[in-house]
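Peer 1: my_file_11.cif is the file, holding mmCIF, C-alpha atoms:
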data_query
loop_
_atom_site.label_atom_id
_atom_site.label_comp_id
_atom_site.auth_asym_id
_atom_site.auth_seq_id
_atom_site.Cartn_x
_atom_site.Cartn_y
_atom_site.Cartn_z
CA MET F 1 -32.56 10.84 39.02
CA ASN F 2 -30.60 13.48 37.12
CA ASN F 3 -28.13 12.44 34.48
CA PRO F 4 -24.46 12.65 35.56
CA LYS F 5 -22.34 15.56 34.45
CA VAL F 6 -19.61 13.44 32.83
CA SER F 7 -19.52 9.93 31.38
CA ILE F 8 -16.04 8.39 31.39
CA ILE F 9 -15.71 5.51 28.92
CA VAL F 10 -12.93 2.98 29.54
CA PRO F 11 -12.20 0.17 27.04
CA VAL F 12 -10.74 -2.77 28.96
CA TYR F 13 -8.64 -5.56 27.49
CA ASN F 14 -6.28 -7.80 29.51
CA VAL F 15 -5.04 -5.10 31.88
CA GLU F 16 -5.54 -6.75 35.26
CA LYS F 17 -2.17 -5.41 36.40
CA TYR F 18 -3.18 -1.76 35.96
CA LEU F 19 -6.97 -1.68 35.90
CA GLN F 20 -7.69 -0.97 39.56
CA TYR F 21 -5.29 1.96 39.65
CA CYS F 22 -7.01 3.42 36.60
CA ILE F 23 -10.54 3.00 37.96
CA ASP F 24 -9.60 4.39 41.38
CA SER F 25 -8.21 7.54 39.75
CA LEU F 26 -11.64 8.07 38.19
CA LEU F 27 -13.76 7.32 41.25
CA ASN F 28 -11.56 9.64 43.34
CA GLN F 29 -12.25 12.65 41.13
CA THR F 30 -13.21 15.86 42.92
CA LEU F 31 -16.14 15.98 40.51
CA THR F 32 -18.24 13.18 41.99
CA ASP F 33 -21.26 13.48 39.69
CA ILE F 34 -19.88 11.10 37.07
CA GLU F 35 -20.47 7.67 35.61
CA VAL F 36 -17.64 5.29 34.72
CA ILE F 37 -18.46 2.90 31.89
CA LEU F 38 -16.10 -0.08 31.76
CA VAL F 39 -16.29 -1.91 28.43
CA ASN F 40 -14.70 -5.33 28.75
CA ASP F 41 -13.53 -6.07 25.22
CA GLY F 42 -13.30 -9.85 25.46
CA SER F 43 -10.52 -9.96 28.06
CA SER F 44 -9.08 -13.39 28.86
CA ASP F 45 -7.44 -12.41 32.17
CA ASN F 46 -9.01 -11.28 35.46
CA SER F 47 -10.13 -7.90 34.09
CA PRO F 48 -13.83 -8.87 33.71
CA ALA F 49 -14.02 -9.92 37.37
CA ILE F 50 -12.37 -6.67 38.46
CA CYS F 51 -14.95 -4.71 36.47
CA ASP F 52 -17.81 -6.63 38.06
CA GLU F 53 -16.44 -6.01 41.56
CA TYR F 54 -16.42 -2.25 40.99
CA VAL F 55 -20.03 -2.36 39.84
CA LYS F 56 -20.94 -3.92 43.19
CA LYS F 57 -18.91 -1.36 45.18
CA ASP F 58 -19.93 1.90 43.48
CA ASN F 59 -23.25 2.68 41.81
CA ARG F 60 -21.51 5.16 39.48
CA VAL F 61 -19.85 2.25 37.66
CA LYS F 62 -21.40 0.40 34.71
CA VAL F 63 -19.91 -2.53 32.84
CA VAL F 64 -20.42 -3.90 29.36
CA HIS F 65 -19.04 -7.31 28.43
CA LYS F 66 -18.56 -7.84 24.70
CA LYS F 67 -16.53 -9.85 22.22
CA ASN F 68 -13.11 -8.49 21.27
CA GLU F 69 -13.28 -5.93 18.46
CA GLY F 70 -10.68 -3.38 19.55
CA PRO F 71 -10.78 -0.19 21.65
CA GLY F 72 -12.55 1.90 19.00
CA TYR F 73 -15.61 -0.31 18.92
CA ALA F 74 -15.42 -0.71 22.70
CA ARG F 75 -15.63 3.08 23.04
CA ASN F 76 -18.62 3.06 20.69
CA SER F 77 -20.34 0.56 22.97
CA GLY F 78 -19.77 2.93 25.86
CA ILE F 79 -21.16 5.87 23.90
CA GLU F 80 -24.35 3.90 23.24
CA ILE F 81 -25.21 3.62 26.95
CA ALA F 82 -23.66 6.88 28.22
CA THR F 83 -26.08 9.25 29.96
CA GLY F 84 -23.75 12.10 30.95
CA GLN F 85 -23.99 15.66 29.69
CA PHE F 86 -20.38 15.35 28.55
CA ILE F 87 -18.27 12.39 27.43
CA THR F 88 -14.58 11.62 27.77
CA PHE F 89 -12.37 8.56 27.37
CA VAL F 90 -9.63 6.89 29.41
CA ASP F 91 -7.44 3.93 28.46
CA SER F 92 -7.46 1.23 31.12
CA ASP F 93 -3.72 1.21 31.82
CA ASP F 94 -3.57 5.00 32.31
CA TYR F 95 -4.74 7.34 35.07
CA VAL F 96 -5.88 10.95 35.47
CA GLU F 97 -5.24 13.59 38.11
CA ASN F 98 -8.12 13.90 40.56
CA ILE F 99 -9.04 17.52 39.67
CA THR F 100 -9.25 16.83 35.93
CA TYR F 101 -12.98 16.65 35.27
CA GLN F 102 -13.96 19.27 37.83
CA LYS F 103 -11.78 21.81 36.05
CA MET F 104 -12.81 20.67 32.57
CA TYR F 105 -16.51 20.67 33.43
CA THR F 106 -16.32 24.15 34.92
CA LEU F 107 -14.43 25.50 31.92
CA ILE F 108 -16.68 23.98 29.26
CA THR F 109 -19.92 25.04 30.97
CA ASP F 110 -18.71 28.56 31.76
CA THR F 111 -17.55 29.17 28.17
CA LYS F 112 -20.21 27.06 26.40
CA ALA F 113 -17.42 25.56 24.31
CA ASP F 114 -18.00 22.47 22.18
CA VAL F 115 -14.88 20.69 23.45
CA VAL F 116 -11.96 21.34 25.79
CA PHE F 117 -8.58 19.70 25.23
CA PHE F 118 -5.80 19.38 27.81
CA SER F 119 -2.27 18.00 27.87
CA PHE F 120 -0.73 14.66 28.87
CA GLN F 121 2.52 13.11 29.90
CA ARG F 122 3.90 9.63 29.25
CA PHE F 123 5.32 7.40 31.96
CA ASN F 124 6.58 3.84 32.29
CA ASP F 125 6.79 1.23 35.01
CA GLN F 126 10.36 2.27 35.76
CA GLY F 127 9.16 5.65 37.02
CA ASN F 128 10.31 7.73 34.05
CA THR F 129 8.01 10.50 32.83
CA TRP F 130 8.15 12.82 29.87
CA ILE F 131 5.78 15.42 28.42
CA GLU F 132 4.93 14.80 24.78
CA SER F 133 1.78 16.80 24.21
CA THR F 134 2.59 20.30 23.02
CA ILE F 135 -0.44 22.47 23.69
CA PRO F 136 0.27 26.22 23.86
CA PRO F 137 -1.07 28.49 26.63
CA GLU F 138 -4.88 28.54 26.84
CA LYS F 139 -6.28 29.21 23.42
CA HIS F 140 -9.82 29.66 22.13
CA TYR F 141 -10.72 28.74 18.55
CA LYS F 142 -13.94 30.65 17.88
CA THR F 143 -14.17 31.01 14.11
CA GLU F 144 -14.52 28.43 11.36
CA GLU F 145 -11.10 29.47 10.07
CA ASP F 146 -9.54 28.95 13.52
CA VAL F 147 -11.10 25.51 14.00
CA ARG F 148 -10.11 24.38 10.51
CA GLY F 149 -6.59 25.60 11.12
CA LEU F 150 -6.49 23.50 14.29
CA MET F 151 -7.67 20.47 12.34
CA LEU F 152 -4.84 20.87 9.84
CA ASP F 153 -2.33 21.31 12.67
CA MET F 154 -3.58 18.06 14.19
CA ILE F 155 -2.97 16.25 10.90
CA GLY F 156 0.54 17.50 10.15
CA ASN F 157 2.86 20.45 9.67
CA PRO F 158 3.93 22.27 6.50
CA PRO F 159 6.99 20.79 4.73
CA ASN F 160 9.57 23.20 6.14
CA ALA F 161 8.55 22.83 9.81
CA ARG F 162 10.99 21.17 12.19
CA TYR F 163 8.57 18.53 13.44
CA ASP F 164 6.00 16.45 11.60
CA ARG F 165 3.24 17.59 13.95
CA ASP F 166 3.03 20.19 16.70
CA VAL F 167 -0.47 19.53 17.99
CA LEU F 168 -1.10 16.06 19.41
CA LEU F 169 -4.60 15.71 20.88
CA SER F 170 -5.84 12.36 22.14
CA VAL F 171 -9.54 11.77 22.79
CA CYS F 172 -8.44 10.84 26.31
CA CYS F 173 -7.49 14.50 26.72
CA GLY F 174 -10.79 15.96 25.59
CA LEU F 175 -14.20 16.64 27.13
CA TYR F 176 -16.95 16.44 24.48
CA ARG F 177 -20.62 17.41 24.41
CA HIS F 178 -22.74 14.26 24.42
CA ASP F 179 -25.57 15.88 22.49
CA LYS F 180 -23.22 16.80 19.63
CA ILE F 181 -21.81 13.26 19.43
CA LYS F 182 -25.39 11.95 19.36
CA GLN F 183 -26.70 14.53 16.88
CA TYR F 184 -24.03 13.83 14.26
CA GLY F 185 -23.56 10.13 14.94
CA ILE F 186 -19.84 10.53 15.63
CA ARG F 187 -18.16 7.19 16.29
CA PHE F 188 -14.76 5.52 16.23
CA ASN F 189 -13.30 3.41 13.47
CA SER F 190 -11.56 0.24 14.57
CA GLU F 191 -7.81 0.42 15.20
CA ARG F 192 -7.70 -2.72 13.04
CA GLU F 193 -8.57 -0.50 10.11
CA PHE F 194 -6.08 2.26 10.89
CA ILE F 195 -3.76 0.22 13.20
CA PHE F 196 -2.43 3.01 15.37
CA ASP F 197 -4.73 4.26 18.13
CA LEU F 198 -3.41 7.81 17.74
CA PHE F 199 -4.97 7.96 14.27
CA GLU F 200 -8.20 6.38 15.43
CA ASP F 201 -8.32 9.33 17.85
CA LEU F 202 -7.42 11.74 15.06
CA VAL F 203 -10.33 10.65 12.87
CA PHE F 204 -12.80 10.97 15.77
CA ASN F 205 -11.49 14.43 16.64
CA LEU F 206 -11.66 15.63 13.05
CA ASP F 207 -15.23 14.37 12.69
CA TYR F 208 -16.18 16.15 15.90
CA LEU F 209 -14.41 19.41 15.03
CA LEU F 210 -16.22 19.58 11.68
CA HIS F 211 -19.33 20.34 13.75
CA SER F 212 -17.68 22.65 16.32
CA THR F 213 -17.59 26.44 16.50
CA HIS F 214 -15.80 26.96 19.83
CA VAL F 215 -12.81 24.86 20.86
CA ILE F 216 -10.54 25.43 23.84
CA SER F 217 -7.10 23.96 24.50
CA ILE F 218 -5.25 24.37 27.79
CA PRO F 219 -1.68 23.28 28.65
CA ASP F 220 -2.52 21.64 32.00
CA THR F 221 -1.09 18.12 32.20
CA PHE F 222 -3.92 16.06 33.68
CA TYR F 223 -3.63 12.77 31.82
CA ASN F 224 -0.95 10.15 32.48
CA TYR F 225 -0.34 7.81 29.57
CA ARG F 226 1.40 4.54 30.42
CA VAL F 227 3.95 3.27 27.92
CA ASN F 228 2.85 -0.36 27.98
CA PRO F 229 4.88 -2.71 25.73
CA SER F 230 1.87 -5.01 25.33
CA SER F 231 -0.50 -2.31 24.08
CA ILE F 232 -1.55 -2.09 20.46
CA THR F 233 0.59 1.00 19.91
CA CYS F 234 3.72 -0.93 20.81
CA VAL F 235 3.11 -4.20 18.96
CA LEU F 236 5.22 -4.54 15.82
CA ARG F 237 3.10 -4.93 12.68
CA SER F 238 4.45 -5.42 9.17
CA ASP F 239 1.42 -3.69 7.60
CA ARG F 240 1.56 -0.47 9.62
CA ILE F 241 2.71 1.71 6.72
CA THR F 242 0.15 0.20 4.34
CA LYS F 243 -2.62 0.90 6.84
CA LYS F 244 -1.34 4.42 7.37
CA TYR F 245 -1.45 4.94 3.61
CA PHE F 246 -5.16 4.04 3.70
CA LEU F 247 -5.63 6.64 6.42
CA TYR F 248 -3.65 9.16 4.34
CA GLN F 249 -6.07 8.65 1.45
CA TYR F 250 -9.02 8.86 3.83
CA LEU F 251 -7.81 12.19 5.21
CA LEU F 252 -7.30 13.67 1.74
CA GLU F 253 -10.83 12.69 0.75
CA MET F 254 -12.34 13.94 4.02
CA LEU F 255 -10.64 17.31 3.61
CA ARG F 256 -11.69 17.52 -0.05
CA ILE F 257 -15.39 16.89 0.52
CA ASN F 258 -15.39 19.45 3.35
CA ASN F 259 -13.90 22.12 1.08
CA PHE F 260 -10.50 22.54 2.69
CA ASN F 261 -7.82 24.19 0.57
CA GLU F 262 -6.58 21.41 -1.71
CA LYS F 263 -2.90 22.37 -1.69
CA GLU F 264 -2.73 22.89 2.08
CA SER F 265 -4.58 19.63 2.71
CA TYR F 266 -2.13 17.72 0.53
CA LEU F 267 0.91 19.26 2.20
CA ARG F 268 -0.31 18.54 5.74
CA ALA F 269 -1.56 15.00 5.14
CA THR F 270 1.52 14.03 3.14
CA ARG F 271 3.87 15.35 5.83
CA SER F 272 2.00 13.22 8.35
CA PHE F 273 2.28 10.10 6.18
CA ILE F 274 6.00 10.60 5.51
CA GLY F 275 6.73 11.21 9.18
CA TYR F 276 4.75 8.24 10.38
CA SER F 277 6.42 5.98 7.82
CA ARG F 278 9.84 7.14 8.99
CA LEU F 279 8.91 6.33 12.60
CA SER F 280 7.61 2.89 11.62
CA MET F 281 10.83 2.10 9.78
CA ARG F 282 12.85 3.06 12.82
CA GLN F 283 10.75 0.86 15.09
CA TYR F 284 11.03 -2.07 12.70
CA ILE F 285 14.79 -1.72 12.32
CA GLU F 286 15.26 -1.47 16.10
CA SER F 287 13.14 -4.59 16.71
CA SER F 288 14.44 -8.05 17.57
CA LEU F 289 13.81 -9.38 14.06
CA SER F 290 16.76 -10.70 12.08
CA LYS F 291 18.66 -8.43 9.73
CA ARG F 292 17.38 -10.44 6.80
CA GLU F 293 13.75 -9.97 7.88
CA LYS F 294 14.27 -6.24 8.33
CA MET F 295 15.90 -5.87 4.92
CA GLN F 296 13.11 -7.82 3.23
CA TRP F 297 10.46 -5.67 4.90
CA LEU F 298 12.25 -2.43 3.96
CA LYS F 299 12.59 -3.59 0.38
CA GLU F 300 8.87 -4.26 0.15
CA VAL F 301 8.04 -0.90 1.70
CA VAL F 302 10.23 1.27 -0.54
CA ASN F 303 9.03 -0.53 -3.67
CA GLN F 304 5.47 0.70 -3.16
CA PRO F 305 4.55 2.89 -6.18
CA TYR F 306 3.03 5.68 -4.10
CA TRP F 307 6.50 6.88 -3.03
CA ARG F 308 7.30 7.88 -6.59
CA ASP F 309 3.95 9.65 -6.88
CA ILE F 310 4.62 11.61 -3.70
CA ALA F 311 8.17 12.48 -4.78
CA GLY F 312 6.77 14.02 -7.96
CA LEU F 313 4.27 16.27 -6.16
CA TYR F 314 5.45 16.91 -2.61
CA PRO F 315 8.24 19.53 -2.07
CA TYR F 316 10.36 17.14 0.00
CA ARG F 317 13.51 19.14 -0.75
CA ILE F 318 12.46 21.73 1.85
CA LEU F 319 12.02 19.15 4.61
CA PRO F 320 14.54 19.40 7.47
CA LYS F 321 17.87 17.93 6.36
CA LEU F 322 17.76 14.46 7.93
CA GLN F 323 14.11 13.99 6.99
CA ARG F 324 14.89 15.07 3.45
CA ILE F 325 17.69 12.51 3.19
CA HIS F 326 15.46 9.80 4.64
CA PHE F 327 12.68 10.45 2.15
CA TYR F 328 15.13 10.62 -0.75
CA MET F 329 16.36 7.13 0.12
CA ILE F 330 12.79 5.85 0.35
CA HIS F 331 11.59 7.07 -3.01
CA LYS F 332 14.82 6.01 -4.69
CA GLY F 333 14.42 2.54 -3.25
CA TYR F 334 17.70 2.57 -1.29
CA TYR F 335 16.51 0.19 1.41
CA ARG F 336 19.99 -0.99 2.39
CA LEU F 337 21.16 2.58 2.95
CA LEU F 338 18.00 3.23 4.97
CA TYR F 339 18.83 0.30 7.21
CA TYR F 340 22.37 1.49 7.93
CA LEU F 341 21.23 5.09 8.35
CA GLU F 342 18.87 4.02 11.13
CA ILE F 343 21.58 1.92 12.77
CA ILE F 344 23.87 4.98 12.84
CA ASN F 345 21.07 7.22 14.14
CA LYS F 346 20.32 4.72 16.90
CA ARG F 347 23.95 4.81 18.05
CA VAL F 348 23.95 8.61 17.96
CA ARG F 349 20.79 8.74 20.10
CA ARG F 350 22.29 6.34 22.64
CA SER F 351 25.55 8.28 22.89
CA SER F 352 23.68 11.52 23.48
CA CYS F 353 21.68 10.12 26.41
#
Since I need it in another form, could you write the structure as structure tokens?

Peer 2:
Amino acid sequence: MNNPKVSIIVPVYNVEKYLQYCIDSLLNQTLTDIEVILVNDGSSDNSPAICDEYVKKDNRVKVVHKKNEGPGYARNSGIEIATGQFITFVDSDDYVENITYQKMYTLITDTKADVVFFSFQRFNDQGNTWIESTIPPEKHYKTEEDVRGLMLDMIGNPPNARYDRDVLLSVCCGLYRHDKIKQYGIRFNSEREFIFDLFEDLVFNLDYLLHSTHVISIPDTFYNYRVNPSSITCVLRSDRITKKYFLYQYLLEMLRINNFNEKESYLRATRSFIGYSRLSMRQYIESSLSKREKMQWLKEVVNQPYWRDIAGLYPYRILPKLQRIHFYMIHKGYYRLLYYLEIINKRVRRSSC
């Protein structure tokens, strides 16, 4: 029996409400020569039984039952048993359009590219949708300089850019060559190390792109990402900024040992860290915690010594105005002003809706 064209790896954890819709979107693909690997990551709901039922109904489905270690390690378990020529990933509360892998497979085989990325949109249970991925018209990165430029764009923008990042590429929106993943031993870190699944994806993509010479991105919106309040990306964590700082240091070291320009690497990685910290502060301030708890957390955050180090090296004065003000308050330790600034910004955002 020939190996399937595409292996689709799905980490599963307590998603009984959405799991069948996700799996059906995969089994209904116009590209039928696929395998769907469901990795039950220690679910305590009915998800394991749902996975087992699909194994009985469709011989393209495999299931792995394992203890809970997070989606990164669950994806690694799927990689270990995947047999497809290409590999991709889907989160178990999301779904994909039914032409996705047919188009991606045709494109990657016709061009002999190492990876193809596509776009996504977010949606919620209330029926709202919005496009967040910002991939330009079809683009081919065919030189080392081009691919390295893409890697830097995935990390963060230069200081004077309007947004912290223009290129947002999830592993769920990529089709990867299995042999390359196997050859270089590319695997995921746990989200418990880096907290935010976006950055778990970032590290995997950077590791993969280090070994790529032809990358394609297309603007087609094939992936539908559910905004699920119970997912790891939405759970409030007091150590998010600390964990992101570890990732920041990891990125700087990874870029250094791979001979990226030191100044450019610092500017991009630092912009990413500042932007993510700003977002985390907003989420914390807008949470249901008491004002006292929020103030205490902000005080602890702004008193971290690395803010003063960054302020001495990073040209934050050329950040966009509001971002510049926000960072100034952080490195000066003005946590009370930060709190009230976010309260005002929240009211402005609501009034503009």

Peer 1: Run the PyMOL selection byres ((chain F and resi 7-9) around 10) mentally over the shown coordinates, then write out the matched residues as a count of residues only, using the chain letters and numbers from the document.

Peer 2: 42

Peer 1: Would you translate the PyMOL selection byres ((chain F and resi 216) around 6) into the concrete set of residues it matches in this file, as a ChimeraX atom specification?

Peer 2: /F:116,139-140,215,217

Peer 1: Name the residues captured by the PyMOL selection byres ((chain F and resi 331-338) around 10) when it is applied to the shown file; answer as a PyMOL selection string.

Peer 2: chain F and resi 278+281-282+285+294-312+325-330+339-344

Peer 1: Which is closer to F:Asp125 than all the others in F:Lys263, F:Gln183, F:Lys17, F:Pro159, using only C-alpha atoms?

Peer 2: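 Closest to F:Asp125, using only C-alpha atoms: F:Lys17.
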
Peer 1: Using only C-alpha atoms for the distances, tell me which of F:His65, F:Arg162, F:Lys244, F:Lys112 is nearest to F:His214.

Peer 2: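 Among the listed residues, F:Lys112 lies closest to F:His214.
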